[in-house]
file model.txt (compact mmCIF, C-alpha atoms)
# COMPACT_ATOMS: atom_id res chain seq x y z
CA MET A 1 1.62 -0.10 9.12
CA THR A 2 3.23 -2.45 11.55
CA SER A 3 6.05 -4.92 11.70
CA SER A 4 4.22 -7.85 13.27
CA ALA A 5 4.48 -11.12 11.39
CA GLN A 6 1.49 -12.87 12.99
CA GLN A 7 -1.56 -13.83 10.92
CA GLN A 8 -4.86 -12.27 11.90
CA ALA A 9 -8.46 -12.65 10.73
CA PRO A 10 -10.27 -9.76 9.01
CA ALA A 11 -12.19 -7.51 11.36
CA ALA A 12 -15.25 -5.33 10.83
CA ALA A 13 -14.32 -2.02 9.25
CA PRO A 14 -14.10 0.70 11.95
CA HIS A 15 -14.47 4.37 11.22
CA HIS A 16 -12.93 5.98 14.28
CA THR A 17 -9.31 6.62 13.31
CA ARG A 18 -7.04 7.32 10.43
CA ARG A 19 -4.14 4.98 9.97
CA SER A 20 -0.93 5.33 11.94
CA VAL A 21 1.02 8.18 10.39
CA PHE A 22 3.71 10.68 11.29
CA THR A 23 3.24 14.44 11.61
CA GLY A 24 4.33 17.14 9.18
CA ALA A 25 3.07 18.70 5.99
CA LEU A 26 4.20 18.37 2.41
CA ALA A 27 5.05 21.58 0.62
CA LEU A 28 5.21 20.58 -3.00
CA ALA A 29 4.26 22.83 -5.89
CA ALA A 30 1.91 21.63 -8.61
CA GLY A 31 3.95 19.98 -11.34
CA ALA A 32 3.91 18.02 -14.51
CA ALA A 33 0.87 16.56 -16.22
CA LEU A 34 -0.09 12.91 -15.99
CA PRO A 35 2.36 10.62 -17.77
CA SER A 36 1.25 8.64 -20.77
CA PHE A 37 -0.23 5.45 -19.33
CA ALA A 38 -0.96 2.03 -20.74
CA ALA A 39 -4.70 2.52 -21.04
CA GLY A 40 -6.53 -0.28 -22.74
CA ARG A 41 -3.66 -2.73 -22.26
CA ALA A 42 -4.55 -6.19 -23.52
CA PHE A 43 -4.53 -9.06 -21.07
CA ALA A 44 -4.40 -12.75 -21.87
CA SER A 45 -7.14 -14.97 -20.49
CA ASP A 46 -6.50 -15.77 -16.83
CA ALA A 47 -3.24 -13.83 -16.95
CA ALA A 48 -2.32 -10.18 -16.58
CA ALA A 49 0.62 -8.58 -18.31
CA ALA A 50 3.41 -7.28 -16.09
CA PRO A 51 3.09 -3.53 -15.53
CA ALA A 52 6.14 -1.27 -15.50
CA ILE A 53 7.51 -1.34 -11.94
CA ALA A 54 10.47 0.80 -10.90
CA SER A 55 12.89 -1.26 -8.82
CA CYS A 56 14.52 -0.05 -5.62
CA ALA A 57 17.70 0.60 -7.60
CA THR A 58 15.77 2.67 -10.15
CA TRP A 59 14.26 5.09 -7.62
CA GLY A 60 17.42 5.31 -5.56
CA ALA A 61 16.71 3.25 -2.46
CA ARG A 62 19.34 2.94 0.21
CA PRO A 63 20.33 -0.59 1.27
CA SER A 64 18.19 -2.29 3.90
CA SER A 65 19.76 -2.20 7.37
CA GLU A 66 19.81 -6.00 7.42
CA PRO A 67 18.93 -8.67 4.87
CA VAL A 68 15.22 -8.86 4.08
CA VAL A 69 13.53 -12.16 4.87
CA VAL A 70 12.26 -14.12 1.88
CA LEU A 71 9.55 -16.59 2.87
CA ALA A 72 9.00 -19.94 1.18
CA ASN A 73 5.23 -19.41 1.05
CA HIS A 74 3.30 -17.33 -1.45
CA PRO A 75 0.82 -14.69 -0.23
CA GLN A 76 -2.85 -15.42 0.37
CA ARG A 77 -4.14 -11.92 -0.30
CA ILE A 78 -3.45 -8.31 -1.32
CA ILE A 79 -3.93 -5.45 1.16
CA VAL A 80 -4.57 -1.92 -0.14
CA HIS A 81 -3.36 1.16 1.77
CA HIS A 82 -3.16 4.90 1.29
CA THR A 83 -0.13 6.92 2.40
CA ALA A 84 -2.24 9.64 4.09
CA THR A 85 -0.11 12.28 2.36
CA ALA A 86 -1.27 15.36 0.48
CA ASN A 87 -3.26 14.84 -2.73
CA VAL A 88 -0.66 16.61 -4.81
CA THR A 89 -1.03 17.53 -8.46
CA ASP A 90 2.63 16.86 -9.19
CA TYR A 91 2.23 13.64 -11.15
CA SER A 92 5.86 13.44 -12.29
CA GLN A 93 8.21 10.52 -12.01
CA GLN A 94 10.55 12.75 -10.04
CA ARG A 95 7.86 13.25 -7.41
CA ALA A 96 7.08 9.54 -7.32
CA PHE A 97 10.71 8.57 -6.75
CA ALA A 98 11.14 11.27 -4.11
CA LEU A 99 8.08 9.88 -2.32
CA ALA A 100 9.54 6.35 -2.37
CA ARG A 101 12.80 7.62 -0.87
CA ALA A 102 10.97 9.65 1.77
CA ILE A 103 8.84 6.68 2.83
CA GLN A 104 11.92 4.50 3.14
CA THR A 105 13.71 7.14 5.22
CA TYR A 106 10.74 7.48 7.53
CA HIS A 107 10.28 3.74 7.95
CA MET A 108 13.96 3.10 8.64
CA ASP A 109 14.93 6.17 10.65
CA ALA A 110 11.70 6.95 12.53
CA GLN A 111 10.06 3.53 12.76
CA GLY A 112 13.29 1.58 13.12
CA TRP A 113 12.37 -0.95 10.42
CA ILE A 114 14.97 -2.62 8.24
CA ASP A 115 13.54 -1.19 5.00
CA THR A 116 10.37 0.20 3.45
CA GLY A 117 7.36 -1.49 5.03
CA GLN A 118 5.17 -2.20 2.01
CA HIS A 119 5.94 -4.30 -1.04
CA PHE A 120 4.83 -1.75 -3.65
CA THR A 121 3.80 1.91 -3.96
CA VAL A 122 1.58 3.53 -6.59
CA SER A 123 2.01 7.29 -7.01
CA ARG A 124 -0.77 9.72 -7.88
CA GLY A 125 0.91 9.99 -11.27
CA ALA A 126 0.41 6.22 -11.81
CA PHE A 127 4.05 5.24 -11.35
CA VAL A 128 4.43 1.85 -9.68
CA MET A 129 7.50 1.33 -7.49
CA GLU A 130 9.01 -1.53 -5.58
CA GLY A 131 8.95 -0.88 -1.83
CA ARG A 132 10.87 -3.42 0.25
CA HIS A 133 13.93 -4.84 -1.47
CA SER A 134 13.49 -8.15 -3.33
CA SER A 135 9.69 -7.73 -3.56
CA LEU A 136 9.82 -7.28 -7.33
CA ALA A 137 12.11 -10.25 -7.96
CA GLU A 138 9.94 -12.53 -5.84
CA LEU A 139 6.77 -11.28 -7.52
CA ARG A 140 8.24 -12.09 -10.91
CA GLY A 141 9.18 -15.53 -9.63
CA GLY A 142 5.63 -16.13 -8.44
CA VAL A 143 6.54 -18.60 -5.69
CA ARG A 144 7.86 -16.80 -2.62
CA GLN A 145 7.21 -13.47 -0.92
CA VAL A 146 9.19 -11.00 1.15
CA ARG A 147 8.22 -10.56 4.79
CA ALA A 148 6.98 -7.00 5.10
CA ALA A 149 5.79 -4.48 7.70
CA HIS A 150 2.52 -3.00 6.44
CA CYS A 151 -0.33 -4.66 8.38
CA VAL A 152 -0.43 -6.29 11.83
CA GLY A 153 -0.94 -10.03 11.51
CA GLN A 154 -0.62 -10.11 7.73
CA ASN A 155 3.03 -9.44 7.01
CA THR A 156 3.88 -13.04 6.13
CA VAL A 157 0.74 -13.84 4.12
CA SER A 158 -0.10 -10.72 2.09
CA ILE A 159 1.22 -8.23 -0.45
CA GLY A 160 0.94 -4.64 0.76
CA ILE A 161 0.32 -1.88 -1.78
CA GLU A 162 0.51 1.79 -0.76
CA ASN A 163 -1.33 4.40 -2.82
CA GLU A 164 -0.05 7.95 -2.60
CA GLY A 165 -2.67 10.32 -1.22
CA THR A 166 -5.40 10.65 1.39
CA TYR A 167 -8.68 9.08 0.28
CA THR A 168 -11.02 9.81 3.16
CA SER A 169 -13.14 12.27 1.18
CA GLU A 170 -12.00 12.01 -2.43
CA GLU A 171 -11.16 9.23 -4.83
CA PRO A 172 -7.73 8.58 -6.34
CA PRO A 173 -7.00 9.90 -9.84
CA ALA A 174 -8.24 7.62 -12.61
CA ALA A 175 -4.71 6.80 -13.83
CA GLN A 176 -3.60 5.88 -10.32
CA TYR A 177 -6.61 3.61 -9.87
CA ALA A 178 -5.89 1.95 -13.23
CA ALA A 179 -2.26 1.39 -12.24
CA LEU A 180 -3.42 -0.15 -8.96
CA ALA A 181 -5.78 -2.48 -10.83
CA ASP A 182 -3.01 -3.49 -13.26
CA LEU A 183 -0.65 -4.21 -10.38
CA CYS A 184 -3.24 -6.21 -8.45
CA ALA A 185 -4.03 -8.25 -11.57
CA TYR A 186 -0.36 -9.03 -12.07
CA VAL A 187 0.04 -10.04 -8.41
CA CYS A 188 -3.00 -12.30 -8.77
CA THR A 189 -1.57 -13.85 -11.93
CA GLN A 190 1.85 -14.50 -10.47
CA TYR A 191 0.60 -15.95 -7.19
CA ARG A 192 -2.54 -17.62 -8.55
CA LEU A 193 -4.83 -15.51 -6.38
CA PRO A 194 -8.50 -14.76 -7.14
CA ALA A 195 -9.62 -11.16 -7.52
CA THR A 196 -11.69 -11.69 -4.38
CA ALA A 197 -8.45 -11.81 -2.38
CA ILE A 198 -8.13 -8.00 -2.38
CA TYR A 199 -8.73 -6.30 0.98
CA GLY A 200 -8.30 -2.94 2.67
CA HIS A 201 -6.03 -2.33 5.66
CA ARG A 202 -9.07 -1.67 7.88
CA ASP A 203 -10.30 -5.22 7.28
CA PHE A 204 -7.52 -6.42 9.60
CA ASN A 205 -6.52 -3.54 11.87
CA ALA A 206 -8.30 -0.75 13.77
CA THR A 207 -7.61 1.98 11.23
CA SER A 208 -9.53 3.98 8.65
CA CYS A 209 -6.87 3.20 6.01
CA PRO A 210 -7.18 3.16 3.00
CA GLY A 211 -9.73 5.95 3.48
CA ASP A 212 -13.51 5.76 3.08
CA ARG A 213 -13.50 6.60 -0.62
CA LEU A 214 -10.78 4.18 -1.68
CA TYR A 215 -12.19 1.47 0.57
CA ALA A 216 -15.59 1.95 -1.10
CA LEU A 217 -13.89 1.34 -4.46
CA LEU A 218 -12.60 -2.10 -3.49
CA PRO A 219 -15.63 -4.00 -4.83
CA ALA A 220 -15.13 -2.25 -8.18
CA LEU A 221 -11.40 -2.93 -7.97
CA ARG A 222 -12.07 -6.65 -7.51
CA ARG A 223 -14.37 -6.63 -10.57
CA ASP A 224 -11.84 -4.70 -12.66
CA VAL A 225 -9.05 -7.06 -11.65
CA ALA A 226 -11.25 -10.07 -12.47
CA GLU A 227 -11.87 -8.63 -15.93
CA ARG A 228 -8.12 -8.21 -16.44
CA LEU A 229 -7.70 -11.83 -15.44
CA GLY A 230 -10.38 -12.87 -17.91
CA ALA A 231 -12.38 -14.36 -15.04
CA GLY A 232 -15.52 -12.23 -15.17
CA ALA A 233 -16.91 -9.98 -12.48
CA ALA A 234 -16.87 -12.56 -9.72
CA GLY A 235 -13.21 -13.54 -9.98
CA SER A 236 -11.95 -17.08 -9.81
CA GLY A 237 -11.33 -19.36 -6.89
CA THR A 238 -12.11 -18.74 -3.27
CA GLU A 239 -10.22 -16.96 -0.55
CA PRO A 240 -9.18 -19.33 2.28
CA GLU A 241 -10.34 -18.35 5.74
CA PRO A 242 -7.39 -16.99 7.73
CA GLU A 243 -6.73 -18.47 11.14
CA PRO A 244 -7.60 -16.15 14.05
CA VAL A 245 -4.95 -14.92 16.46
CA PRO A 246 -6.10 -14.72 20.12
CA GLU A 247 -3.99 -11.73 21.13
CA PRO A 248 -3.03 -9.58 18.13
CA GLU A 249 -0.41 -6.91 18.58
CA PRO A 250 -2.05 -3.52 19.32
CA VAL A 251 -2.01 -1.00 16.48
CA ARG A 252 -0.26 2.28 17.15
CA ASP A 253 -2.04 5.42 16.00
CA PRO A 254 0.22 8.31 17.09
CA ILE A 255 -1.53 10.88 14.92
CA ARG A 256 -4.90 10.69 16.69
CA ASP A 257 -4.09 13.63 19.01
CA LEU A 258 -2.91 15.67 16.02
CA LEU A 259 -6.18 15.01 14.22
CA ASP A 260 -8.13 16.09 17.31
CA GLN A 261 -6.13 19.30 17.40
CA ALA A 262 -6.71 19.89 13.70
CA ALA A 263 -10.45 19.36 14.15
CA SER A 264 -10.52 22.13 16.75
CA ASP A 265 -8.73 24.51 14.39
CA PRO A 266 -10.25 24.63 10.88
CA LEU A 267 -7.21 26.52 9.60
CA ALA A 268 -4.70 23.96 10.82
CA ALA A 269 -2.75 22.06 8.19
CA LEU A 270 -3.69 18.43 7.66
CA PRO A 271 -1.13 16.22 9.41
CA GLU A 272 0.79 14.22 6.88
CA TYR A 273 2.41 10.81 6.74
CA LEU A 274 5.91 12.17 6.22
CA PRO A 275 7.85 15.02 7.84
CA PRO A 276 8.10 17.96 5.42
CA HIS A 277 11.92 17.89 5.20
CA LEU A 278 11.85 14.44 3.61
CA LEU A 279 10.41 15.72 0.35
CA PRO A 280 11.75 18.59 -1.77

call {"tool": "encode", "arguments": {"input": "model.txt", "output": "structure tokens"}}
result
Amino acid sequence: MTSSAQQQAPAAAPHHTRRSVFTGALALAAGAALPSFAAGRAFASDAAAAPAIASCATWGARPSSEPVVVLANHPQRIIVHHTATANVTDYSQQRAFALARAIQTYHMDAQGWIDTGQHFTVSRGAFVMEGRHSSLAELRGGVRQVRAAHCVGQNTVSIGIENEGTYTSEEPPAAQYAALADLCAYVCTQYRLPATAIYGHRDFNATSCPGDRLYALLPALRRDVAERLGAGAAGSGTEPEPEPVPEPEPVRDPIRDLLDQAASDPLAALPEYLPPHLLP
């Protein structure tokens, strides 16, 4: 993630780094079973029903350190991320809300941002949560967007969605993937975006986010979103070509040295996105 607000063209997908993350390890015990989820939800033609989204107030967010910026423009695309945290089996709402609070704490206290960087977060238990304040209200309005801090060059023209977990070598749980598809379809409906406007973080920045396995699912995600929109496998409309930026802000990747150390020690714990004390 990054706080730059410049617009940048998609780049070829590199494979040399994981995304910028912080060190630490989560120590969470396995928990509750998957919540009941709205499988088989009906969608109207060319419109997706609004999924359940927990607001910042619902999951217990602290206030932003300064007012968030609401932009007059609507987004041009959706960018999919993974949190690079442990693939926990605690699928509870309690875990999901604790994750949202931990991400906000890290972004504000360690990164120095005004609030959570992404617009929305999808937990491994398929709970969808608002990230940066006012993102949910603006999504429901379908006209404006909140300036975010999730992808260099795209923070004023895209909706950032974090997916809990690390998807370099395994795929997200089916319920989490379905929740992501429902959310993307709703974003597309509200902002009149085609399903083809869904990208991965690595399309714009030098990062392996959202992981090889989740990135490989993006073509299927676009098809599934198009079906929810009633637009068929190809989606509707075309994605406008973004304007290139000559000198994009460099992407920080402070965990690279930690990954090199872990590679030299097969017993070393996988570095995580959040410091362990941020989650119970």

call {"tool": "residues_around", "arguments": {"input": "model.txt", "residues": "stretch 188-201 of chain A", "least_positions_apart": "3", "cutoff": "7 Å", "atoms": "only C-alpha atoms", "output": "VMD selection string"}}
result
chain A and resid 47 to 48 74 77 to 81 139 to 140 142 to 143 151 184 to 185 204 to 205 209 to 210 215 222 225 to 226 235 to 239

call {"tool": "atom_distance", "arguments": {"input": "model.txt", "atom1": "atom CA of A:Gln104", "atom2": "atom CA of A:Ser135"}}
result
14.1 Å

call {"tool": "residues_around", "arguments": {"input": "model.txt", "residues": "A:Thr58", "least_positions_apart": "4", "cutoff": "12 Å", "atoms": "all atoms listed in the file", "output": "list of chain:residue names"}}
result
A:Ala52, A:Ile53, A:Ala54, A:Arg62, A:Gln93, A:Gln94, A:Ala96, A:Phe97, A:Ala98, A:Ala100, A:Arg101, A:Val128, A:Met129, A:Glu130, A:Gly131, A:His133, A:Leu136

call {"tool": "closest_residue", "arguments": {"input": "model.txt", "among": "A:Thr89, A:Glu170, A:Ala110, A:Ala126", "to": "A:Asp212", "atoms": "only C-alpha atoms"}}
result
A:Glu170

call {"tool": "closest_residue", "arguments": {"input": "model.txt", "among": "A:Leu214, A:Leu99, A:Arg228, A:Arg202", "to": "A:Gln154", "atoms": "only C-alpha atoms"}}
result
A:Arg202

call {"tool": "closest_residue", "arguments": {"input": "model.txt", "among": "A:Asn87, A:Thr207, A:Gln145, A:Thr121", "to": "A:Glu162", "atoms": "only C-alpha atoms"}}
result
A:Thr121
